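Undergrad: Provided herewith is a single structure, encoded as structure tokens, for subsequent inquiry.
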Amino acid sequence: MDKAGGSGEAPPEPEPAAAATVKSIVVYPIKSCRGISVPQAAITSTGLRWDRQWLVMNSAGRGFTQRVEPKLALIELEMPQEAFTEEWQPTPDSHMVIRAPGLDPLKIPLGAKRATVDDVSVWEWSGSAYDEGDEAAEWFSSCFGKPTRLVRFNEASEIRETNPDYAQGYKVLFADAFPFLLASQGSVDALNSILKEPVPMNRFRPNIIVEGCHPYSEDLWKTIKIDKLTFLGVKLCDRCKVPTINQDNGIPGEEPTEALQALRSDEVLRPSHKNKRRVYFGQNLVCKESLSAKDEGRIIKVGDPVYVLESFPSSDEVPA
């Protein structure tokens, strides 16, 4: 018996304090169109379920984004609320409803079998995809005034891998490069404190928005847990022109890129590295459990605590 008269067992390790809380979760079913804010989302092998499953492409099969067509920002999407639960499967009556100013709503069946088209490309990747049909093509062609089609990623036969220099063995659908993008409300608030006109979080199009942490602290998050799932910070998100596009009216401006140039450039954040002349906002993530064949229990919810298990020593040492 020990001196205190107890059993001699060490006391349990105290739970680490949460560094932040999940404030909101946003899924973007069609690449570059408006997101859907959801109370919870299932984690799949490619990111949040339904995220970037669809792509708008031109007559040459090339996917396009708000960089080329800022009007994509005006396209609203609606899906059944239960689609974001873990085990839900589409029925013949399940649809994604697509709306845009001046057009009747378009319904896309979520469970229909579609013809396959080849030579669909987005960035460096090309492969086959499911064509959502002529009605959808006419709707999108009317919207943009040029031949346009809507396609869905063909998960049955195609794989789009993440850059192995940053994340080996992970995959995405039509996302730019990585399965998840996380940003903190504190970072947007800090940026807005120096802007003449504040910008909302939707300019940055993250999937996971957290609150309760210091501005830009997510830069240094190397390993985090959201509830019981482990996420790795694999690359700072370098920003293109999309954050300059007002997501309410599709009109581009100059900010916040000019402010980010002064605050968040290579020169400022990564002085010992080659200057790529980029600006950064948000952290790209992968989820370790997404590599597992087991699907159950992989869900994140608004209000979940975020625990930081491992941090980078400084922004200069964060991959970018």
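Residue numbering restarts at 1 for every chain of the structure tokens, chains are lettered A, B, ... in their displayed order, and ligands are numbered from 1 as they appear.
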Give me every helix (DSSP H, G or I) residue in region 171-239 of chain A, going by DSSP on the backbone, as a PyMOL selection string.
TA: chain A and resi 185-192+201-203+217-220
Undergrad: Those residues with N, CA, C and O atoms, as a compact mmCIF listing (two decimals), in the first residue's frame please?
TA:
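What follows is the written file result_31.txt:
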# COMPACT_ATOMS: atom_id res chain seq x y z
N GLN A 185 -13.34 31.56 -37.23
CA GLN A 185 -14.06 32.84 -37.20
C GLN A 185 -13.13 33.95 -36.72
O GLN A 185 -13.20 35.08 -37.20
N GLY A 186 -12.24 33.62 -35.80
CA GLY A 186 -11.29 34.61 -35.30
C GLY A 186 -10.40 35.17 -36.40
O GLY A 186 -10.05 36.36 -36.39
N SER A 187 -10.05 34.33 -37.38
CA SER A 187 -9.22 34.79 -38.49
C SER A 187 -9.97 35.79 -39.36
O SER A 187 -9.42 36.81 -39.78
N VAL A 188 -11.24 35.49 -39.65
CA VAL A 188 -12.04 36.43 -40.45
C VAL A 188 -12.25 37.73 -39.68
O VAL A 188 -12.16 38.82 -40.24
N ASP A 189 -12.51 37.62 -38.38
CA ASP A 189 -12.71 38.83 -37.57
C ASP A 189 -11.45 39.69 -37.57
O ASP A 189 -11.52 40.92 -37.68
N ALA A 190 -10.27 39.06 -37.46
CA ALA A 190 -9.01 39.81 -37.46
C ALA A 190 -8.79 40.48 -38.81
O ALA A 190 -8.36 41.65 -38.88
N LEU A 191 -9.09 39.78 -39.88
CA LEU A 191 -8.96 40.37 -41.21
C LEU A 191 -9.92 41.54 -41.38
O LEU A 191 -9.55 42.61 -41.88
N ASN A 192 -11.15 41.35 -40.93
CA ASN A 192 -12.15 42.43 -41.07
C ASN A 192 -11.80 43.67 -40.27
O ASN A 192 -12.23 44.78 -40.62
N MET A 201 -17.44 34.98 -44.09
CA MET A 201 -16.68 33.75 -44.22
C MET A 201 -16.92 33.06 -45.56
O MET A 201 -16.03 32.36 -46.07
N ASN A 202 -18.09 33.27 -46.17
CA ASN A 202 -18.37 32.53 -47.41
C ASN A 202 -17.43 32.90 -48.56
O ASN A 202 -17.33 32.17 -49.54
N ARG A 203 -16.69 34.01 -48.44
CA ARG A 203 -15.69 34.34 -49.46
C ARG A 203 -14.60 33.26 -49.54
O ARG A 203 -13.99 33.07 -50.58
N SER A 217 -4.70 30.81 -35.63
CA SER A 217 -4.05 29.71 -34.90
C SER A 217 -4.17 28.40 -35.67
O SER A 217 -3.34 27.50 -35.53
N GLU A 218 -5.19 28.28 -36.55
CA GLU A 218 -5.34 27.06 -37.34
C GLU A 218 -4.16 26.81 -38.28
O GLU A 218 -3.93 25.67 -38.70
N ASP A 219 -3.40 27.87 -38.60
CA ASP A 219 -2.19 27.70 -39.42
C ASP A 219 -1.27 26.61 -38.85
O ASP A 219 -0.63 25.88 -39.60
N LEU A 220 -1.18 26.57 -37.53
CA LEU A 220 -0.17 25.73 -36.87
C LEU A 220 -0.70 24.37 -36.44
O LEU A 220 0.03 23.58 -35.84
Undergrad: So that each row is one residue of region 89-177 of chain A with an atom at most 9 Å from region 270-291 of chain A, can you give its shortest atom pair and the distance in Å to one decimal, using only C-alpha atoms, rows by chain and rising number, as JSON lines?
TA:
{"residue": "A:Ala167", "atom": "CA", "partner": "A:Val286", "partner_atom": "CA", "distance": 7.5}
{"residue": "A:Gly169", "atom": "CA", "partner": "A:Leu291", "partner_atom": "CA", "distance": 8.0}
{"residue": "A:Tyr170", "atom": "CA", "partner": "A:Leu291", "partner_atom": "CA", "distance": 7.3}
{"residue": "A:Ala177", "atom": "CA", "partner": "A:Asn284", "partner_atom": "CA", "distance": 8.7}
Undergrad: Please list as a list of chain:residue names every residue within 12 Å of Asp93 (chain A), counting only C-alpha atoms and excluding residues in the same chain fewer than 3 positions away.
TA: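 The residues satisfying every condition are A:Met79, A:Pro80, A:Gln89, A:Pro90, A:Met96, A:Val97, A:Lys107, A:Ile108, A:Pro109, A:Leu110, A:Gly111, A:Ala112.
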Undergrad: So what do you get for CA of Leu55 (chain A) versus CA of Leu181 (chain A), distance-wise?
TA: 18.3 Å
Undergrad: Please provide as a PyMOL selection string all residues within 7 Å of Ser121 (chain A), with the sequence filter that same-chain residues fewer than 3 positions apart are discarded (counting only C-alpha atoms).
TA: chain A and resi 61-63+125-127
Undergrad: Any idea what's packed within 12 Å of region 238-251 of chain A, counting only C-alpha atoms, ignoring anything in its chain fewer than 5 positions away? Could you give it as a count of residues only?
TA: 54
Undergrad: Pick out each residue of region 217-293 of chain A that DSSP on the backbone tags as strand (DSSP E or B); I need them as a PDB file with all heavy atoms, in the first residue's frame.
TA:
ATOM      1  N   TRP A 221      -1.970  24.086 -36.762  1.00  0.00           N
ATOM      2  CA  TRP A 221      -2.563  22.824 -36.305  1.00  0.00           C
ATOM      3  C   TRP A 221      -2.085  21.668 -37.192  1.00  0.00           C
ATOM      4  O   TRP A 221      -2.510  21.510 -38.323  1.00  0.00           O
ATOM      5  CB  TRP A 221      -4.084  22.910 -36.321  1.00  0.00           C
ATOM      6  CG  TRP A 221      -4.623  23.856 -35.275  1.00  0.00           C
ATOM      7  CD1 TRP A 221      -3.909  24.500 -34.304  1.00  0.00           C
ATOM      8  CD2 TRP A 221      -5.985  24.251 -35.110  1.00  0.00           C
ATOM      9  NE1 TRP A 221      -4.751  25.273 -33.532  1.00  0.00           N
ATOM     10  CE2 TRP A 221      -6.024  25.142 -34.000  1.00  0.00           C
ATOM     11  CE3 TRP A 221      -7.169  23.950 -35.765  1.00  0.00           C
ATOM     12  CZ2 TRP A 221      -7.199  25.727 -33.555  1.00  0.00           C
ATOM     13  CZ3 TRP A 221      -8.349  24.538 -35.333  1.00  0.00           C
ATOM     14  CH2 TRP A 221      -8.359  25.410 -34.234  1.00  0.00           C
ATOM     15  N   LYS A 222      -1.207  20.856 -36.625  1.00  0.00           N
ATOM     16  CA  LYS A 222      -0.636  19.715 -37.359  1.00  0.00           C
ATOM     17  C   LYS A 222      -1.511  18.468 -37.203  1.00  0.00           C
ATOM     18  O   LYS A 222      -1.743  17.737 -38.160  1.00  0.00           O
ATOM     19  CB  LYS A 222       0.783  19.431 -36.853  1.00  0.00           C
ATOM     20  CG  LYS A 222       1.541  18.403 -37.665  1.00  0.00           C
ATOM     21  CD  LYS A 222       2.985  18.299 -37.187  1.00  0.00           C
ATOM     22  CE  LYS A 222       3.791  17.339 -38.068  1.00  0.00           C
ATOM     23  NZ  LYS A 222       5.189  17.261 -37.602  1.00  0.00           N
ATOM     24  N   THR A 223      -1.977  18.213 -35.984  1.00  0.00           N
ATOM     25  CA  THR A 223      -2.883  17.091 -35.714  1.00  0.00           C
ATOM     26  C   THR A 223      -3.966  17.580 -34.763  1.00  0.00           C
ATOM     27  O   THR A 223      -3.655  18.124 -33.697  1.00  0.00           O
ATOM     28  CB  THR A 223      -2.143  15.908 -35.055  1.00  0.00           C
ATOM     29  OG1 THR A 223      -0.996  15.580 -35.832  1.00  0.00           O
ATOM     30  CG2 THR A 223      -3.039  14.688 -34.959  1.00  0.00           C
ATOM     31  N   ILE A 224      -5.214  17.413 -35.160  1.00  0.00           N
ATOM     32  CA  ILE A 224      -6.323  17.806 -34.287  1.00  0.00           C
ATOM     33  C   ILE A 224      -7.325  16.674 -34.217  1.00  0.00           C
ATOM     34  O   ILE A 224      -7.352  15.786 -35.075  1.00  0.00           O
ATOM     35  CB  ILE A 224      -7.029  19.099 -34.780  1.00  0.00           C
ATOM     36  CG1 ILE A 224      -7.701  18.869 -36.151  1.00  0.00           C
ATOM     37  CG2 ILE A 224      -6.066  20.274 -34.826  1.00  0.00           C
ATOM     38  CD1 ILE A 224      -8.585  20.037 -36.599  1.00  0.00           C
ATOM     39  N   LYS A 225      -8.133  16.714 -33.159  1.00  0.00           N
ATOM     40  CA  LYS A 225      -9.262  15.793 -33.057  1.00  0.00           C
ATOM     41  C   LYS A 225     -10.543  16.629 -33.041  1.00  0.00           C
ATOM     42  O   LYS A 225     -10.624  17.618 -32.300  1.00  0.00           O
ATOM     43  CB  LYS A 225      -9.177  14.957 -31.778  1.00  0.00           C
ATOM     44  CG  LYS A 225      -8.534  13.596 -32.003  1.00  0.00           C
ATOM     45  CD  LYS A 225      -8.806  12.658 -30.826  1.00  0.00           C
ATOM     46  CE  LYS A 225      -8.100  11.319 -30.962  1.00  0.00           C
ATOM     47  NZ  LYS A 225      -8.487  10.544 -32.142  1.00  0.00           N
ATOM     48  N   ILE A 226     -11.490  16.244 -33.869  1.00  0.00           N
ATOM     49  CA  ILE A 226     -12.836  16.812 -33.789  1.00  0.00           C
ATOM     50  C   ILE A 226     -13.716  15.687 -33.300  1.00  0.00           C
ATOM     51  O   ILE A 226     -13.893  14.676 -34.000  1.00  0.00           O
ATOM     52  CB  ILE A 226     -13.309  17.374 -35.143  1.00  0.00           C
ATOM     53  CG1 ILE A 226     -12.368  18.485 -35.618  1.00  0.00           C
ATOM     54  CG2 ILE A 226     -14.743  17.884 -35.034  1.00  0.00           C
ATOM     55  CD1 ILE A 226     -12.740  19.079 -36.967  1.00  0.00           C
ATOM     56  N   LEU A 229     -12.535  12.000 -34.182  1.00  0.00           N
ATOM     57  CA  LEU A 229     -11.875  11.831 -35.476  1.00  0.00           C
ATOM     58  C   LEU A 229     -10.591  12.648 -35.544  1.00  0.00           C
ATOM     59  O   LEU A 229     -10.548  13.795 -35.074  1.00  0.00           O
ATOM     60  CB  LEU A 229     -12.815  12.246 -36.611  1.00  0.00           C
ATOM     61  CG  LEU A 229     -14.105  11.420 -36.716  1.00  0.00           C
ATOM     62  CD1 LEU A 229     -15.048  12.025 -37.732  1.00  0.00           C
ATOM     63  CD2 LEU A 229     -13.792   9.970 -37.085  1.00  0.00           C
ATOM     64  N   THR A 230      -9.570  12.073 -36.146  1.00  0.00           N
ATOM     65  CA  THR A 230      -8.257  12.717 -36.221  1.00  0.00           C
ATOM     66  C   THR A 230      -8.051  13.345 -37.600  1.00  0.00           C
ATOM     67  O   THR A 230      -8.163  12.670 -38.626  1.00  0.00           O
ATOM     68  CB  THR A 230      -7.140  11.686 -35.964  1.00  0.00           C
ATOM     69  OG1 THR A 230      -7.380  11.042 -34.708  1.00  0.00           O
ATOM     70  CG2 THR A 230      -5.783  12.362 -35.946  1.00  0.00           C
ATOM     71  N   PHE A 231      -7.742  14.636 -37.594  1.00  0.00           N
ATOM     72  CA  PHE A 231      -7.478  15.374 -38.830  1.00  0.00           C
ATOM     73  C   PHE A 231      -6.037  15.875 -38.816  1.00  0.00           C
ATOM     74  O   PHE A 231      -5.523  16.282 -37.769  1.00  0.00           O
ATOM     75  CB  PHE A 231      -8.423  16.569 -38.960  1.00  0.00           C
ATOM     76  CG  PHE A 231      -9.865  16.208 -39.182  1.00  0.00           C
ATOM     77  CD1 PHE A 231     -10.687  15.851 -38.114  1.00  0.00           C
ATOM     78  CD2 PHE A 231     -10.410  16.218 -40.459  1.00  0.00           C
ATOM     79  CE1 PHE A 231     -12.018  15.517 -38.316  1.00  0.00           C
ATOM     80  CE2 PHE A 231     -11.747  15.890 -40.671  1.00  0.00           C
ATOM     81  CZ  PHE A 231     -12.551  15.533 -39.601  1.00  0.00           C
ATOM     82  N   LEU A 232      -5.406  15.855 -39.977  1.00  0.00           N
ATOM     83  CA  LEU A 232      -4.034  16.343 -40.125  1.00  0.00           C
ATOM     84  C   LEU A 232      -4.038  17.611 -40.970  1.00  0.00           C
ATOM     85  O   LEU A 232      -4.648  17.641 -42.050  1.00  0.00           O
ATOM     86  CB  LEU A 232      -3.166  15.285 -40.809  1.00  0.00           C
ATOM     87  CG  LEU A 232      -3.203  13.873 -40.209  1.00  0.00           C
ATOM     88  CD1 LEU A 232      -2.339  12.927 -41.041  1.00  0.00           C
ATOM     89  CD2 LEU A 232      -2.733  13.891 -38.759  1.00  0.00           C
ATOM     90  N   GLY A 233      -3.365  18.651 -40.477  1.00  0.00           N
ATOM     91  CA  GLY A 233      -3.163  19.862 -41.267  1.00  0.00           C
ATOM     92  C   GLY A 233      -2.033  19.621 -42.245  1.00  0.00           C
ATOM     93  O   GLY A 233      -0.890  19.397 -41.827  1.00  0.00           O
ATOM     94  N   VAL A 234      -2.347  19.616 -43.551  1.00  0.00           N
ATOM     95  CA  VAL A 234      -1.337  19.181 -44.529  1.00  0.00           C
ATOM     96  C   VAL A 234      -0.790  20.304 -45.404  1.00  0.00           C
ATOM     97  O   VAL A 234       0.285  20.183 -45.983  1.00  0.00           O
ATOM     98  CB  VAL A 234      -1.872  18.050 -45.434  1.00  0.00           C
ATOM     99  CG1 VAL A 234      -2.084  16.787 -44.622  1.00  0.00           C
ATOM    100  CG2 VAL A 234      -3.158  18.454 -46.151  1.00  0.00           C
ATOM    101  N   LYS A 235      -1.523  21.435 -45.490  1.00  0.00           N
ATOM    102  CA  LYS A 235      -1.034  22.498 -46.370  1.00  0.00           C
ATOM    103  C   LYS A 235      -1.853  23.764 -46.140  1.00  0.00           C
ATOM    104  O   LYS A 235      -3.089  23.727 -46.171  1.00  0.00           O
ATOM    105  CB  LYS A 235      -1.154  22.087 -47.845  1.00  0.00           C
ATOM    106  CG  LYS A 235      -0.527  23.063 -48.835  1.00  0.00           C
ATOM    107  CD  LYS A 235      -0.673  22.535 -50.257  1.00  0.00           C
ATOM    108  CE  LYS A 235       0.029  23.430 -51.267  1.00  0.00           C
ATOM    109  NZ  LYS A 235      -0.641  24.738 -51.419  1.00  0.00           N
ATOM    110  N   LEU A 236      -1.170  24.881 -45.914  1.00  0.00           N
ATOM    111  CA  LEU A 236      -1.881  26.157 -45.874  1.00  0.00           C
ATOM    112  C   LEU A 236      -2.608  26.359 -47.200  1.00  0.00           C
ATOM    113  O   LEU A 236      -2.104  25.970 -48.259  1.00  0.00           O
ATOM    114  CB  LEU A 236      -0.903  27.317 -45.663  1.00  0.00           C
ATOM    115  CG  LEU A 236      -0.246  27.442 -44.293  1.00  0.00           C
ATOM    116  CD1 LEU A 236       0.680  28.654 -44.286  1.00  0.00           C
ATOM    117  CD2 LEU A 236      -1.282  27.578 -43.185  1.00  0.00           C
ATOM    118  N   CYS A 237      -3.785  26.949 -47.145  1.00  0.00           N
ATOM    119  CA  CYS A 237      -4.565  27.133 -48.361  1.00  0.00           C
ATOM    120  C   CYS A 237      -4.167  28.438 -49.047  1.00  0.00           C
ATOM    121  O   CYS A 237      -4.415  29.519 -48.511  1.00  0.00           O
ATOM    122  CB  CYS A 237      -6.054  27.145 -48.035  1.00  0.00           C
ATOM    123  SG  CYS A 237      -7.083  27.209 -49.507  1.00  0.00           S
ATOM    124  N   ASP A 238      -3.510  28.309 -50.215  1.00  0.00           N
ATOM    125  CA  ASP A 238      -3.189  29.532 -50.960  1.00  0.00           C
ATOM    126  C   ASP A 238      -4.425  29.954 -51.749  1.00  0.00           C
ATOM    127  O   ASP A 238      -5.159  29.125 -52.276  1.00  0.00           O
ATOM    128  CB  ASP A 238      -1.974  29.323 -51.877  1.00  0.00           C
ATOM    129  CG  ASP A 238      -2.132  28.161 -52.831  1.00  0.00           C
ATOM    130  OD1 ASP A 238      -2.010  26.999 -52.383  1.00  0.00           O
ATOM    131  OD2 ASP A 238      -2.391  28.402 -54.015  1.00  0.00           O
ATOM    132  N   ILE A 245     -14.627  37.735 -54.866  1.00  0.00           N
ATOM    133  CA  ILE A 245     -15.948  37.736 -55.507  1.00  0.00           C
ATOM    134  C   ILE A 245     -17.033  37.773 -54.434  1.00  0.00           C
ATOM    135  O   ILE A 245     -17.091  36.907 -53.562  1.00  0.00           O
ATOM    136  CB  ILE A 245     -16.121  36.498 -56.408  1.00  0.00           C
ATOM    137  CG1 ILE A 245     -15.069  36.510 -57.531  1.00  0.00           C
ATOM    138  CG2 ILE A 245     -17.533  36.438 -56.989  1.00  0.00           C
ATOM    139  CD1 ILE A 245     -14.963  35.204 -58.295  1.00  0.00           C
ATOM    140  N   PRO A 252     -16.811  40.703 -58.714  1.00  0.00           N
ATOM    141  CA  PRO A 252     -15.460  40.689 -58.140  1.00  0.00           C
ATOM    142  C   PRO A 252     -15.006  42.085 -57.709  1.00  0.00           C
ATOM    143  O   PRO A 252     -15.479  43.098 -58.237  1.00  0.00           O
ATOM    144  CB  PRO A 252     -14.572  40.169 -59.272  1.00  0.00           C
ATOM    145  CG  PRO A 252     -15.442  40.036 -60.488  1.00  0.00           C
ATOM    146  CD  PRO A 252     -16.803  40.539 -60.162  1.00  0.00           C
ATOM    147  N   SER A 265       1.184  36.824 -46.810  1.00  0.00           N
ATOM    148  CA  SER A 265       1.929  36.403 -47.998  1.00  0.00           C
ATOM    149  C   SER A 265       3.045  35.442 -47.603  1.00  0.00           C
ATOM    150  O   SER A 265       3.391  35.292 -46.428  1.00  0.00           O
ATOM    151  CB  SER A 265       2.520  37.616 -48.704  1.00  0.00           C
ATOM    152  OG  SER A 265       3.508  38.206 -47.878  1.00  0.00           O
ATOM    153  N   VAL A 279      -0.866  34.256 -51.303  1.00  0.00           N
ATOM    154  CA  VAL A 279      -1.408  34.619 -49.989  1.00  0.00           C
ATOM    155  C   VAL A 279      -2.183  33.419 -49.457  1.00  0.00           C
ATOM    156  O   VAL A 279      -2.664  32.582 -50.233  1.00  0.00           O
ATOM    157  CB  VAL A 279      -2.312  35.870 -50.058  1.00  0.00           C
ATOM    158  CG1 VAL A 279      -1.505  37.081 -50.487  1.00  0.00           C
ATOM    159  CG2 VAL A 279      -3.522  35.663 -50.967  1.00  0.00           C
ATOM    160  N   TYR A 280      -2.304  33.335 -48.133  1.00  0.00           N
ATOM    161  CA  TYR A 280      -2.850  32.134 -47.500  1.00  0.00           C
ATOM    162  C   TYR A 280      -3.965  32.483 -46.519  1.00  0.00           C
ATOM    163  O   TYR A 280      -3.887  33.466 -45.794  1.00  0.00           O
ATOM    164  CB  TYR A 280      -1.736  31.382 -46.750  1.00  0.00           C
ATOM    165  CG  TYR A 280      -0.589  30.984 -47.656  1.00  0.00           C
ATOM    166  CD1 TYR A 280       0.519  31.817 -47.822  1.00  0.00           C
ATOM    167  CD2 TYR A 280      -0.634  29.786 -48.364  1.00  0.00           C
ATOM    168  CE1 TYR A 280       1.560  31.460 -48.663  1.00  0.00           C
ATOM    169  CE2 TYR A 280       0.406  29.418 -49.213  1.00  0.00           C
ATOM    170  CZ  TYR A 280       1.495  30.254 -49.356  1.00  0.00           C
ATOM    171  OH  TYR A 280       2.517  29.903 -50.205  1.00  0.00           O
ATOM    172  N   PHE A 281      -4.996  31.612 -46.530  1.00  0.00           N
ATOM    173  CA  PHE A 281      -6.065  31.751 -45.536  1.00  0.00           C
ATOM    174  C   PHE A 281      -6.729  30.390 -45.378  1.00  0.00           C
ATOM    175  O   PHE A 281      -7.300  29.854 -46.327  1.00  0.00           O
ATOM    176  CB  PHE A 281      -7.103  32.782 -45.981  1.00  0.00           C
ATOM    177  CG  PHE A 281      -8.065  33.171 -44.892  1.00  0.00           C
ATOM    178  CD1 PHE A 281      -7.841  34.317 -44.135  1.00  0.00           C
ATOM    179  CD2 PHE A 281      -9.169  32.382 -44.600  1.00  0.00           C
ATOM    180  CE1 PHE A 281      -8.722  34.666 -43.116  1.00  0.00           C
ATOM    181  CE2 PHE A 281     -10.036  32.722 -43.586  1.00  0.00           C
ATOM    182  CZ  PHE A 281      -9.818  33.871 -42.840  1.00  0.00           C
ATOM    183  N   GLY A 282      -6.647  29.827 -44.166  1.00  0.00           N
ATOM    184  CA  GLY A 282      -7.252  28.526 -43.893  1.00  0.00           C
ATOM    185  C   GLY A 282      -6.231  27.402 -44.004  1.00  0.00           C
ATOM    186  O   GLY A 282      -5.137  27.566 -44.541  1.00  0.00           O
ATOM    187  N   GLN A 283      -6.608  26.254 -43.472  1.00  0.00           N
ATOM    188  CA  GLN A 283      -5.725  25.080 -43.433  1.00  0.00           C
ATOM    189  C   GLN A 283      -6.422  23.906 -44.126  1.00  0.00           C
ATOM    190  O   GLN A 283      -7.571  23.571 -43.816  1.00  0.00           O
ATOM    191  CB  GLN A 283      -5.412  24.730 -41.980  1.00  0.00           C
ATOM    192  CG  GLN A 283      -4.588  23.484 -41.741  1.00  0.00           C
ATOM    193  CD  GLN A 283      -3.142  23.606 -42.175  1.00  0.00           C
ATOM    194  OE1 GLN A 283      -2.833  23.327 -43.325  1.00  0.00           O
ATOM    195  NE2 GLN A 283      -2.268  24.015 -41.263  1.00  0.00           N
ATOM    196  N   ASN A 284      -5.743  23.306 -45.096  1.00  0.00           N
ATOM    197  CA  ASN A 284      -6.252  22.091 -45.722  1.00  0.00           C
ATOM    198  C   ASN A 284      -6.018  20.892 -44.812  1.00  0.00           C
ATOM    199  O   ASN A 284      -4.938  20.750 -44.227  1.00  0.00           O
ATOM    200  CB  ASN A 284      -5.551  21.844 -47.058  1.00  0.00           C
ATOM    201  CG  ASN A 284      -5.980  22.818 -48.139  1.00  0.00           C
ATOM    202  OD1 ASN A 284      -7.152  22.873 -48.496  1.00  0.00           O
ATOM    203  ND2 ASN A 284      -5.033  23.579 -48.664  1.00  0.00           N
ATOM    204  N   LEU A 285      -7.025  20.021 -44.730  1.00  0.00           N
ATOM    205  CA  LEU A 285      -6.965  18.867 -43.836  1.00  0.00           C
ATOM    206  C   LEU A 285      -7.244  17.577 -44.580  1.00  0.00           C
ATOM    207  O   LEU A 285      -7.907  17.566 -45.622  1.00  0.00           O
ATOM    208  CB  LEU A 285      -8.032  18.976 -42.734  1.00  0.00           C
ATOM    209  CG  LEU A 285      -8.115  20.223 -41.858  1.00  0.00           C
ATOM    210  CD1 LEU A 285      -9.317  20.099 -40.925  1.00  0.00           C
ATOM    211  CD2 LEU A 285      -6.842  20.412 -41.064  1.00  0.00           C
ATOM    212  N   VAL A 286      -6.746  16.485 -44.010  1.00  0.00           N
ATOM    213  CA  VAL A 286      -7.210  15.142 -44.346  1.00  0.00           C
ATOM    214  C   VAL A 286      -7.646  14.481 -43.036  1.00  0.00           C
ATOM    215  O   VAL A 286      -7.218  14.890 -41.954  1.00  0.00           O
ATOM    216  CB  VAL A 286      -6.126  14.298 -45.045  1.00  0.00           C
ATOM    217  CG1 VAL A 286      -5.750  14.899 -46.390  1.00  0.00           C
ATOM    218  CG2 VAL A 286      -4.886  14.126 -44.162  1.00  0.00           C
ATOM    219  N   CYS A 287      -8.501  13.473 -43.143  1.00  0.00           N
ATOM    220  CA  CYS A 287      -8.991  12.754 -41.953  1.00  0.00           C
ATOM    221  C   CYS A 287      -8.435  11.337 -41.966  1.00  0.00           C
ATOM    222  O   CYS A 287      -8.650  10.587 -42.918  1.00  0.00           O
ATOM    223  CB  CYS A 287     -10.522  12.721 -41.958  1.00  0.00           C
ATOM    224  SG  CYS A 287     -11.237  11.795 -40.584  1.00  0.00           S
TER     225      CYS A 287
END
Undergrad: Between A:Ser157, A:Ile300, A:Pro305, A:Ser45, which residue has the minimum interatomic distance to Ser128 (chain A), considering only C-alpha atoms?
TA: A:Ser157
Undergrad: In Å, rounded to a single decimal, give me how far CA of Asn207 (chain A) is from CA of Ala60 (chain A).
TA: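 According to the coordinates, CA of Ala60 (chain A) and CA of Asn207 (chain A) are separated by 29.4 Å.
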Undergrad: Taking into account only C-alpha atoms, which residue in the set A:Val302, A:Asn154, A:Asp51, A:Ser37 is nearest to Phe180 (chain A)?
TA: A:Asp51
Undergrad: Identify which of the residues A:Gln81, A:Ser315, A:Thr162, A:Ser193 lies closest to Pro39 (chain A), counting only C-alpha atoms when measuring atom-to-atom distances.
TA: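 Using only C-alpha atoms, Pro39 (chain A) sits closest to A:Gln81.
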Undergrad: Would you list the contacts of region 137-144 of chain A as a list in words, taking every protein, DNA or RNA residue within 10 Å and counting only C-alpha atoms, but skipping same-chain residues closer than 6 positions in sequence?
TA: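 Near neighbours after the sequence-gap exclusion: Val56, Met57, Asn58, Ser59, Glu69, Lys71, Leu72, Ile75, Ile98, Arg99, Ala100, Pro101, Gly102, Leu103, Asp104, Pro105, Leu106, Asp131, Leu150 and Val151 of chain A.
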Undergrad: Extract, using only C-alpha atoms, all DNA, RNA and protein residues at most 10 Å from Pro16 (chain A), discarding same-chain residues fewer than 5 positions from it, and format them as a VMD selection string.
TA: chain A and resid 307 to 309
Undergrad: Could you save the residues just selected, with all heavy atoms, as an mmCIF file, in the first residue's frame?
TA:
data_model
loop_
_atom_site.group_PDB
_atom_site.id
_atom_site.type_symbol
_atom_site.label_atom_id
_atom_site.label_comp_id
_atom_site.auth_asym_id
_atom_site.auth_seq_id
_atom_site.Cartn_x
_atom_site.Cartn_y
_atom_site.Cartn_z
ATOM 1 N N TYR A 307 -9.734 19.542 -30.445
ATOM 2 C CA TYR A 307 -8.554 19.394 -29.594
ATOM 3 C C TYR A 307 -7.307 19.429 -30.474
ATOM 4 O O TYR A 307 -7.248 18.740 -31.493
ATOM 5 C CB TYR A 307 -8.591 18.064 -28.839
ATOM 6 C CG TYR A 307 -9.807 17.893 -27.963
ATOM 7 C CD1 TYR A 307 -10.888 17.116 -28.383
ATOM 8 C CD2 TYR A 307 -9.886 18.521 -26.715
ATOM 9 C CE1 TYR A 307 -12.008 16.958 -27.579
ATOM 10 C CE2 TYR A 307 -11.014 18.372 -25.910
ATOM 11 C CZ TYR A 307 -12.061 17.603 -26.344
ATOM 12 O OH TYR A 307 -13.171 17.456 -25.556
ATOM 13 N N VAL A 308 -6.325 20.211 -30.089
ATOM 14 C CA VAL A 308 -5.060 20.256 -30.820
ATOM 15 C C VAL A 308 -4.098 19.282 -30.158
ATOM 16 O O VAL A 308 -3.730 19.446 -28.992
ATOM 17 C CB VAL A 308 -4.475 21.680 -30.842
ATOM 18 C CG1 VAL A 308 -3.123 21.681 -31.554
ATOM 19 C CG2 VAL A 308 -5.433 22.635 -31.534
ATOM 20 N N LEU A 309 -3.686 18.257 -30.894
ATOM 21 C CA LEU A 309 -2.780 17.243 -30.360
ATOM 22 C C LEU A 309 -1.324 17.536 -30.688
ATOM 23 O O LEU A 309 -0.426 17.136 -29.959
ATOM 24 C CB LEU A 309 -3.147 15.857 -30.912
ATOM 25 C CG LEU A 309 -4.601 15.397 -30.735
ATOM 26 C CD1 LEU A 309 -4.753 13.973 -31.241
ATOM 27 C CD2 LEU A 309 -5.039 15.504 -29.283
#
